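Trainee: Handing over data_2.cif, mmCIF, C-alpha atoms.
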data_protein
#
loop_
_atom_site.label_atom_id
_atom_site.label_comp_id
_atom_site.auth_asym_id
_atom_site.auth_seq_id
_atom_site.Cartn_x
_atom_site.Cartn_y
_atom_site.Cartn_z
CA MET T 1 57.31 -8.69 59.43
CA ILE T 2 55.38 -11.73 58.21
CA LEU T 3 57.45 -14.45 56.55
CA LEU T 4 55.67 -16.02 53.58
CA ASP T 5 55.83 -19.74 52.93
CA THR T 6 55.74 -21.24 49.44
CA ASN T 7 52.20 -22.59 49.76
CA VAL T 8 50.88 -19.06 50.42
CA LEU T 9 52.48 -17.61 47.30
CA VAL T 10 51.34 -20.52 45.15
CA ALA T 11 47.76 -20.35 46.44
CA LEU T 12 47.59 -16.58 45.93
CA VAL T 13 48.68 -16.61 42.30
CA ASP T 14 46.91 -19.78 41.14
CA GLU T 15 43.13 -19.55 41.30
CA ARG T 16 42.94 -23.33 40.74
CA ASP T 17 44.81 -24.06 43.97
CA ARG T 18 42.63 -25.73 46.61
CA LEU T 19 43.63 -23.03 49.13
CA HIS T 20 43.05 -20.05 46.82
CA LYS T 21 39.77 -18.83 48.33
CA LYS T 22 41.03 -19.34 51.85
CA VAL T 23 44.33 -17.55 51.22
CA VAL T 24 42.53 -14.55 49.71
CA ARG T 25 40.24 -14.42 52.76
CA ASP T 26 43.27 -14.59 55.03
CA LEU T 27 45.13 -11.93 53.04
CA ARG T 28 42.32 -9.45 53.77
CA LYS T 29 43.25 -9.63 57.46
CA GLN T 30 47.02 -9.34 57.12
CA ARG T 31 49.08 -6.25 57.56
CA GLY T 32 52.60 -6.12 56.18
CA PRO T 33 55.45 -5.85 55.87
CA PHE T 34 55.94 -9.23 54.23
CA GLY T 35 59.26 -11.04 53.82
CA VAL T 36 60.21 -13.77 51.39
CA THR T 37 63.37 -15.90 51.25
CA GLY T 38 65.25 -16.93 48.14
CA VAL T 39 64.63 -20.60 48.93
CA VAL T 40 60.88 -20.01 49.15
CA LEU T 41 60.97 -18.26 45.76
CA SER T 42 63.03 -21.08 44.31
CA GLU T 43 60.49 -23.65 45.51
CA ALA T 44 57.63 -21.49 44.22
CA CYS T 45 59.22 -21.36 40.78
CA PHE T 46 59.31 -25.15 40.63
CA LEU T 47 55.58 -25.19 41.35
CA LEU T 48 54.69 -22.22 39.16
CA GLU T 49 56.32 -23.15 35.90
CA ALA T 50 53.89 -21.50 33.50
CA PRO T 51 54.91 -17.98 32.44
CA TYR T 52 51.55 -16.46 33.38
CA LEU T 53 51.88 -17.80 36.93
CA ARG T 54 55.38 -16.37 37.33
CA GLN T 55 54.17 -13.04 35.94
CA ARG T 56 51.43 -13.07 38.55
CA LEU T 57 54.00 -13.92 41.22
CA THR T 58 56.15 -10.95 40.19
CA LEU T 59 53.18 -8.60 40.36
CA LEU T 60 52.09 -10.07 43.70
CA LEU T 61 55.54 -9.51 45.25
CA ASP T 62 55.57 -5.94 43.91
CA ARG T 63 52.11 -5.15 45.16
CA LEU T 64 52.13 -6.74 48.65
CA PRO T 65 54.94 -5.54 48.73
CA ALA T 66 57.34 -8.30 49.79
CA THR T 67 60.92 -7.72 50.90
CA PRO T 68 63.70 -10.24 50.25
CA VAL T 69 65.00 -11.56 53.57
CA GLU T 70 67.80 -13.98 54.40
CA PRO T 71 69.32 -14.91 57.74
CA ASP T 72 72.48 -12.98 58.55
CA ALA T 73 75.58 -14.77 57.34
CA PRO T 74 76.88 -17.19 58.32
CA TRP T 75 73.44 -18.74 58.66
CA TRP T 76 74.31 -22.28 57.69
CA ARG T 77 75.41 -23.35 61.17
CA ASP T 78 71.98 -22.61 62.67
CA VAL T 79 70.02 -23.78 59.65
CA PHE T 80 71.90 -27.03 59.11
CA GLY T 81 71.95 -27.60 62.87
CA TRP T 82 68.16 -27.32 62.85
CA LEU T 83 67.93 -29.71 59.89
CA GLU T 84 70.09 -32.20 61.80
CA HIS T 85 67.98 -31.85 64.94
CA PHE T 86 64.81 -32.76 63.05
CA ALA T 87 66.51 -35.22 60.69
CA GLU T 88 64.12 -38.08 61.49
CA HIS T 89 61.31 -36.01 59.89
CA THR T 90 63.46 -35.21 56.81
CA PRO T 91 62.75 -31.46 56.80
CA ASP T 92 63.86 -29.31 53.88
CA LEU T 93 66.01 -26.19 53.64
CA CYS T 94 62.98 -23.98 53.01
CA ASP T 95 61.36 -24.87 56.34
CA ALA T 96 64.67 -24.71 58.21
CA GLN T 97 65.42 -21.20 56.96
CA LEU T 98 61.93 -19.99 57.76
CA VAL T 99 62.05 -21.33 61.34
CA VAL T 100 65.53 -19.92 62.02
CA LEU T 101 64.59 -16.55 60.51
CA SER T 102 61.30 -16.44 62.43
CA ALA T 103 63.13 -17.03 65.70
CA ARG T 104 65.86 -14.48 64.94
CA LEU T 105 63.52 -11.74 63.74
CA SER T 106 60.59 -12.55 66.08
CA ALA T 107 58.56 -12.67 62.87
CA PRO T 108 55.58 -15.01 62.44
CA ILE T 109 55.38 -17.36 59.47
CA TRP T 110 52.31 -17.47 57.24
CA THR T 111 51.90 -21.07 56.14
CA TYR T 112 49.29 -23.78 55.63
CA ASP T 113 51.82 -26.55 56.28
CA ALA T 114 50.64 -28.34 59.42
CA GLU T 115 54.18 -29.44 60.30
CA PHE T 116 54.99 -25.93 61.49
CA ARG T 117 52.36 -26.38 64.19
CA GLN T 118 52.69 -30.06 64.88
CA VAL T 119 56.34 -30.97 64.35
CA TRP T 120 58.75 -28.08 63.92
CA ARG T 121 60.05 -26.09 66.86
CA ASN T 122 62.34 -23.08 67.14
CA PRO T 123 66.03 -23.75 67.74
CA ASP T 124 65.37 -23.06 71.46
CA GLY T 125 62.58 -25.68 71.52
CA LYS T 126 59.70 -23.20 71.70
CA PRO T 127 56.72 -23.38 69.30
CA VAL T 128 57.21 -21.63 65.99
CA ALA T 129 55.47 -18.22 65.77
CA LEU T 130 52.74 -18.48 63.15
CA VAL T 131 50.24 -16.05 61.68
CA PRO T 132 46.92 -16.97 63.30
CA LEU T 133 44.56 -18.38 60.67
CA ARG T 134 41.03 -19.61 61.10
CA GLY T 135 39.80 -22.93 59.77
CA MET F 1 79.82 23.58 25.23
CA ASP F 2 79.44 19.95 26.10
CA PRO F 3 76.26 18.86 24.25
CA GLY F 4 75.43 16.60 27.16
CA ARG F 5 75.09 19.58 29.48
CA LEU F 6 72.16 21.89 29.88
CA ASP F 7 72.69 25.63 29.97
CA VAL F 8 70.67 26.16 33.14
CA ASN F 9 71.62 26.81 36.71
CA THR F 10 70.01 23.57 37.86
CA SER F 11 71.91 21.43 35.38
CA ARG F 12 73.20 19.07 38.04
CA ILE F 13 69.62 18.11 38.88
CA TYR F 14 68.65 17.28 35.32
CA ASN F 15 71.67 15.90 33.53
CA GLU F 16 73.45 13.72 36.05
CA PRO F 17 72.89 9.98 35.79
CA VAL F 18 71.43 9.62 39.27
CA PRO F 19 67.85 8.83 40.27
CA SER F 20 65.84 12.05 40.16
CA ARG F 21 64.84 13.59 43.46
CA LEU F 22 63.07 16.50 41.85
CA PHE F 23 59.45 15.94 40.85
CA ASN F 24 56.93 18.12 39.10
CA VAL F 25 53.38 17.77 40.36
CA ARG F 26 50.48 19.29 38.46
CA LEU F 27 47.87 20.70 40.85
CA SER F 28 44.24 21.54 40.28
CA PRO F 29 43.35 25.24 40.75
CA GLU F 30 41.71 24.30 44.05
CA ASP F 31 44.83 22.52 45.31
CA ALA F 32 47.05 25.36 44.08
CA LEU F 33 44.94 27.74 46.16
CA LEU F 34 45.46 25.51 49.20
CA VAL F 35 49.20 25.58 48.59
CA GLU F 36 49.13 29.38 48.50
CA ARG F 37 47.27 29.41 51.82
CA LEU F 38 49.83 27.09 53.36
CA ARG F 39 52.68 29.23 52.06
CA ALA F 40 51.00 32.32 53.51
CA ARG F 41 51.16 30.57 56.88
CA GLY F 42 54.85 29.82 56.37
CA ILE F 43 54.39 26.12 55.56
CA PRO F 44 56.51 25.19 52.52
CA LEU F 45 55.02 22.85 49.93
CA ALA F 46 58.17 20.72 49.90
CA GLU F 47 57.72 19.82 53.56
CA VAL F 48 54.03 19.02 53.03
CA MET F 49 54.99 16.73 50.15
CA ARG F 50 57.68 14.96 52.17
CA ARG F 51 55.31 14.30 55.05
CA ALA F 52 52.58 13.04 52.71
CA VAL F 53 54.99 10.73 50.88
CA ARG F 54 56.27 9.26 54.16
CA ARG F 55 52.73 8.72 55.45
CA GLU F 56 51.54 7.06 52.23
CA ALA F 57 54.62 4.83 52.08
CA ALA F 58 54.17 3.74 55.69
CA GLU F 59 50.53 2.87 55.02
CA LEU F 60 51.50 0.97 51.89
CA VAL F 61 53.96 -1.22 53.79
CA ASP F 62 52.21 -1.54 57.13
CA GLY F 63 48.56 -1.25 56.21
CA PRO F 64 46.08 -3.98 55.32
CA VAL F 65 46.32 -5.37 51.83
CA ASN F 66 43.42 -4.79 49.46
CA ALA F 67 43.30 -8.50 48.75
CA ASP F 68 40.35 -8.53 46.39
CA ALA F 69 41.70 -5.75 44.18
CA LEU F 70 45.15 -7.34 44.14
CA ILE F 71 43.93 -10.79 43.11
CA LYS F 72 41.54 -9.29 40.55
CA ASP F 73 44.50 -7.44 38.98
CA LEU F 74 46.66 -10.58 38.95
CA LEU F 75 44.01 -12.59 37.14
CA ALA F 76 43.07 -9.77 34.76
CA GLN F 77 46.61 -8.85 33.75
CA PHE F 78 47.79 -12.44 33.35
CA PRO F 79 44.72 -14.56 32.58
CA THR F 80 44.79 -18.33 32.72
CA PRO F 81 45.36 -19.57 29.16
CA ALA F 82 42.92 -22.01 27.59
CA ALA F 83 45.63 -24.66 27.54
CA ALA F 84 46.69 -24.18 31.15
CA PRO F 85 49.46 -26.51 32.29
CA GLU F 86 48.68 -29.71 34.12
CA ARG F 87 48.05 -29.60 37.80
CA ARG F 88 51.01 -29.64 40.14
CA PRO F 89 51.42 -31.19 43.58
CA ASP F 90 49.74 -29.81 46.68
CA ALA F 91 52.10 -27.07 47.89
CA THR F 92 51.41 -27.97 51.53
CA ASP F 93 52.58 -31.57 50.97
CA ARG F 94 56.32 -31.31 51.45
CA HIS F 95 56.98 -34.86 50.26
CA ALA F 96 54.96 -34.36 47.06
CA VAL F 97 56.74 -31.05 46.41
CA ARG F 98 60.12 -32.68 46.94
CA LYS F 99 59.21 -35.49 44.52
CA HIS F 100 58.07 -32.93 41.94
CA ILE F 101 61.29 -30.90 42.24
CA ARG F 102 63.42 -34.02 41.93
CA LYS F 103 61.50 -35.01 38.82
CA ARG F 104 61.98 -31.57 37.29
CA LEU F 105 65.68 -31.54 38.12
CA ARG F 106 66.16 -34.99 36.55
CA ALA F 107 64.29 -33.83 33.46
CA THR F 108 66.66 -30.89 32.95
CA ARG F 109 69.86 -32.89 33.27
#
Any chance you could put this one into structure tokens?
Mentor:
Amino acid sequence: MILLDTNVLVALVDERDRLHKKVVRDLRKQRGPFGVTGVVLSEACFLLEAPYLRQRLTLLLDRLPATPVEPDAPWWRDVFGWLEHFAEHTPDLCDAQLVVLSARLSAPIWTYDAEFRQVWRNPDGKPVALVPLRG
Amino acid sequence: MDPGRLDVNTSRIYNEPVPSRLFNVRLSPEDALLVERLRARGIPLAEVMRRAVRREAAELVDGPVNADALIKDLLAQFPTPAAAPERRPDATDRHAVRKHIRKRLRATR
């Protein structure tokens, strides 16, 4: 399973996004299944406020298709522990959940956020598994 | 007789409020002939259908995405309006996104 980050969803549905062409190129190479967390969708909704963008998001999730995924409960100990570990970089819940889920499920994350490569690490200190992207 | 019931032997298939598991598929004469050939060899159509559905579903979930067709559909079905909303922060800039969300939350309180 590939875990989708907010910036991927936003770039796919909004043709005006600076990453739109790149994300479409990258999508051609991906094979599902795709997973999306509630926190990612929440963040995406803040960035995609116009009805037509949310309608596109709905269709995109249907057509990929994407599956809702959440860490097994109780997840907050691992997730908040991770947030505390990286507190000096002020990470957010979205990134924390993605990293914890990625480590638990051995699932790579598809993101264009450089912090996943440069800053964030799995709870065991290993690099975060990411979908390989060119350029 | 209960008007909600159907006077057929297969009533439980048709009139119970559960998702249908019985499907009618219209075949071309050529495909119908193929079905007859399969039956003659002892291969039931139902099993052929089940296998085909499983294979197609697996390809849908695990196969490559037809990215160009998907994006074309998104843009065609829900076109960008002439008065498209103002631009939003770069979604890869966590700090800008956080600032935007805070602003939106303050605006709704």
Trainee: Starting from the displayed file, determine the output of the PyMOL selection byres ((chain T) within 7 of (chain F)) and express the residue list as a list in words.
Mentor: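 Going through the file, the PyMOL selection byres ((chain T) within 7 of (chain F)) ends up selecting Asn7, Val24, Leu27, Arg28, Lys29, Gln30, Arg31, Gly32, Pro33, Phe46, Leu47, Ala50, Tyr52, Gln55, Arg56, Leu59, Leu64, Pro65, Tyr112 and Asp113 of chain T.
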Trainee: Could you write out that same residue set with C-alpha atoms as a tab-separated table (two decimals), keeping the file's coordinate frame?
Mentor:
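Contents of the output file selection.tsv:
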chain	number	residue	atom	x	y	z
T	7	ASN	CA	52.20	-22.59	49.76
T	24	VAL	CA	42.53	-14.55	49.71
T	27	LEU	CA	45.13	-11.93	53.04
T	28	ARG	CA	42.32	-9.45	53.77
T	29	LYS	CA	43.25	-9.63	57.46
T	30	GLN	CA	47.02	-9.34	57.12
T	31	ARG	CA	49.08	-6.25	57.56
T	32	GLY	CA	52.60	-6.12	56.18
T	33	PRO	CA	55.45	-5.85	55.87
T	46	PHE	CA	59.31	-25.15	40.63
T	47	LEU	CA	55.58	-25.19	41.35
T	50	ALA	CA	53.89	-21.50	33.50
T	52	TYR	CA	51.55	-16.46	33.38
T	55	GLN	CA	54.17	-13.04	35.94
T	56	ARG	CA	51.43	-13.07	38.55
T	59	LEU	CA	53.18	-8.60	40.36
T	64	LEU	CA	52.13	-6.74	48.65
T	65	PRO	CA	54.94	-5.54	48.73
T	112	TYR	CA	49.29	-23.78	55.63
T	113	ASP	CA	51.82	-26.55	56.28
Trainee: For Leu93 of chain T, work out the shell of residues within 12 Å, counting all atoms listed in the file and skipping chain neighbours fewer than 6 positions away, then give it as a ChimeraX atom specification.
Mentor: /T:37-40,42-43,75-76,78-84,86-87,99-101 /F:94,98
Trainee: How far is it from atom CA of Pro71 of chain T to atom CA of Gln97 of chain T, in Å with one decimal?
Mentor: 7.4 Å
Trainee: Using all atoms listed in the file, which of the listed residues (T:Ala44, T:Glu70, T:Arg117, T:Glu88) sits closest to Asp5 of chain T?
Mentor: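 Among the listed residues, T:Ala44 lies closest to Asp5 of chain T.
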Trainee: Taking the file as I've supplied it (selection: the PyMOL selection byres ((chain T and resi 13) around 7)), which residues are included? Please answer as a list in words.
Mentor: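 Checked against the file, the PyMOL selection byres ((chain T and resi 13) around 7) matches Leu9, Val10, Ala11, Leu12, Asp14, Glu15, Leu53, Arg56 and Leu57 of chain T.
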Trainee: Give the answer as one residue: which of T:Leu105, T:Leu98, T:Leu130, T:Ile2 has the shortest atom-to-atom distance to Ala66 of chain T, using only C-alpha atoms?
Mentor: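 Selected residue with least distance to Ala66 of chain T: T:Ile2.
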Trainee: Considering all atoms listed in the file, return as a ChimeraX atom specification whatever protein or nucleic-acid residues lie within 10 Å of Gln118 of chain T, sequence-local ones (same chain, fewer than 4 positions apart) excluded.
Mentor: /T:113-114,127-128
Trainee: Using all atoms listed in the file, which protein or nucleic acid residues come within 10 Å of Ala129 of chain T? Drop anything in the same chain fewer than 4 positions from it, and give the result as a PyMOL selection string.
Mentor: chain T and resi 2+99+102-103+106-110+116-117+121-122
Trainee: Those same residues - C-alpha atoms - I'd like them written as a PDB file, in the frame of the given file.
Mentor:
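Output below, filename part-v9.pdb:
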ATOM      1  CA  ILE T   2      55.380 -11.730  58.210  1.00  0.00           C
ATOM      2  CA  VAL T  99      62.050 -21.330  61.340  1.00  0.00           C
ATOM      3  CA  SER T 102      61.300 -16.440  62.430  1.00  0.00           C
ATOM      4  CA  ALA T 103      63.130 -17.030  65.700  1.00  0.00           C
ATOM      5  CA  SER T 106      60.590 -12.550  66.080  1.00  0.00           C
ATOM      6  CA  ALA T 107      58.560 -12.670  62.870  1.00  0.00           C
ATOM      7  CA  PRO T 108      55.580 -15.010  62.440  1.00  0.00           C
ATOM      8  CA  ILE T 109      55.380 -17.360  59.470  1.00  0.00           C
ATOM      9  CA  TRP T 110      52.310 -17.470  57.240  1.00  0.00           C
ATOM     10  CA  PHE T 116      54.990 -25.930  61.490  1.00  0.00           C
ATOM     11  CA  ARG T 117      52.360 -26.380  64.190  1.00  0.00           C
ATOM     12  CA  ARG T 121      60.050 -26.090  66.860  1.00  0.00           C
ATOM     13  CA  ASN T 122      62.340 -23.080  67.140  1.00  0.00           C
TER      14      ASN T 122
END
Trainee: May I ask for the distance between atom CA of Val35 of chain F and atom CA of Arg21 of chain F, given in Å to one decimal place?
Mentor: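 Interatomic distance, atom CA of Val35 of chain F to atom CA of Arg21 of chain F: 20.4 Å.
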Trainee: Between atom CA of Leu4 of chain T and atom CA of Ala96 of chain T, what is the distance, to one decimal in Å?
Mentor: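 These two atoms are separated by 13.3 Å.
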Trainee: Each side padded by 5 Å, which centre and which edge lengths in Å (one decimal) define the axis-aligned box around the listed atoms of segment 69-87 of chain T? Give them as AutoDock Vina command-line options.
Mentor:
--center_x 70.8 --center_y -23.4 --center_z 59.3 --size_x 22.1 --size_y 33.7 --size_z 21.4
Trainee: Reconstruct N, CA and C atoms of segment 78-100 of chain T; output as a short mmCIF file (atom, residue, chain, number, x, y, z; two decimals), in the frame of the given file.
Mentor:
data_model
loop_
_atom_site.label_atom_id
_atom_site.label_comp_id
_atom_site.auth_asym_id
_atom_site.auth_seq_id
_atom_site.Cartn_x
_atom_site.Cartn_y
_atom_site.Cartn_z
N ASP T 78 73.29 -22.49 62.02
CA ASP T 78 71.98 -22.61 62.67
C ASP T 78 71.00 -23.42 61.83
N VAL T 79 71.00 -23.13 60.53
CA VAL T 79 70.02 -23.78 59.65
C VAL T 79 70.32 -25.28 59.51
N PHE T 80 71.57 -25.60 59.25
CA PHE T 80 71.90 -27.03 59.11
C PHE T 80 71.83 -27.75 60.46
N GLY T 81 72.12 -27.02 61.54
CA GLY T 81 71.95 -27.60 62.87
C GLY T 81 70.49 -27.96 63.14
N TRP T 82 69.61 -27.07 62.70
CA TRP T 82 68.16 -27.32 62.85
C TRP T 82 67.74 -28.52 62.01
N LEU T 83 68.25 -28.58 60.78
CA LEU T 83 67.93 -29.71 59.89
C LEU T 83 68.38 -31.03 60.53
N GLU T 84 69.55 -30.99 61.16
CA GLU T 84 70.09 -32.20 61.80
C GLU T 84 69.22 -32.59 62.99
N HIS T 85 68.79 -31.58 63.75
CA HIS T 85 67.98 -31.85 64.94
C HIS T 85 66.68 -32.57 64.59
N PHE T 86 66.09 -32.17 63.45
CA PHE T 86 64.81 -32.76 63.05
C PHE T 86 64.98 -33.80 61.93
N ALA T 87 66.18 -34.34 61.83
CA ALA T 87 66.51 -35.22 60.69
C ALA T 87 65.54 -36.38 60.52
N GLU T 88 65.01 -36.91 61.62
CA GLU T 88 64.12 -38.08 61.49
C GLU T 88 62.84 -37.73 60.72
N HIS T 89 62.51 -36.42 60.64
CA HIS T 89 61.31 -36.01 59.89
C HIS T 89 61.67 -35.53 58.48
N THR T 90 62.94 -35.65 58.13
CA THR T 90 63.46 -35.21 56.81
C THR T 90 62.94 -33.83 56.39
N PRO T 91 63.19 -32.81 57.20
CA PRO T 91 62.75 -31.46 56.80
C PRO T 91 63.57 -30.94 55.62
N ASP T 92 63.10 -29.88 55.00
CA ASP T 92 63.86 -29.31 53.88
C ASP T 92 64.43 -27.94 54.25
N LEU T 93 65.30 -27.45 53.37
CA LEU T 93 66.01 -26.19 53.64
C LEU T 93 65.04 -25.03 53.78
N CYS T 94 63.97 -25.07 53.00
CA CYS T 94 62.98 -23.98 53.01
C CYS T 94 62.40 -23.81 54.42
N ASP T 95 61.95 -24.93 55.01
CA ASP T 95 61.36 -24.87 56.34
C ASP T 95 62.41 -24.46 57.38
N ALA T 96 63.61 -25.01 57.25
CA ALA T 96 64.67 -24.71 58.21
C ALA T 96 64.98 -23.21 58.23
N GLN T 97 65.12 -22.63 57.04
CA GLN T 97 65.42 -21.20 56.96
C GLN T 97 64.30 -20.36 57.56
N LEU T 98 63.07 -20.75 57.25
CA LEU T 98 61.93 -19.99 57.76
C LEU T 98 61.89 -20.02 59.29
N VAL T 99 62.11 -21.21 59.87
CA VAL T 99 62.05 -21.33 61.34
C VAL T 99 63.18 -20.53 61.99
N VAL T 100 64.39 -20.64 61.45
CA VAL T 100 65.53 -19.92 62.02
C VAL T 100 65.32 -18.41 61.89
#
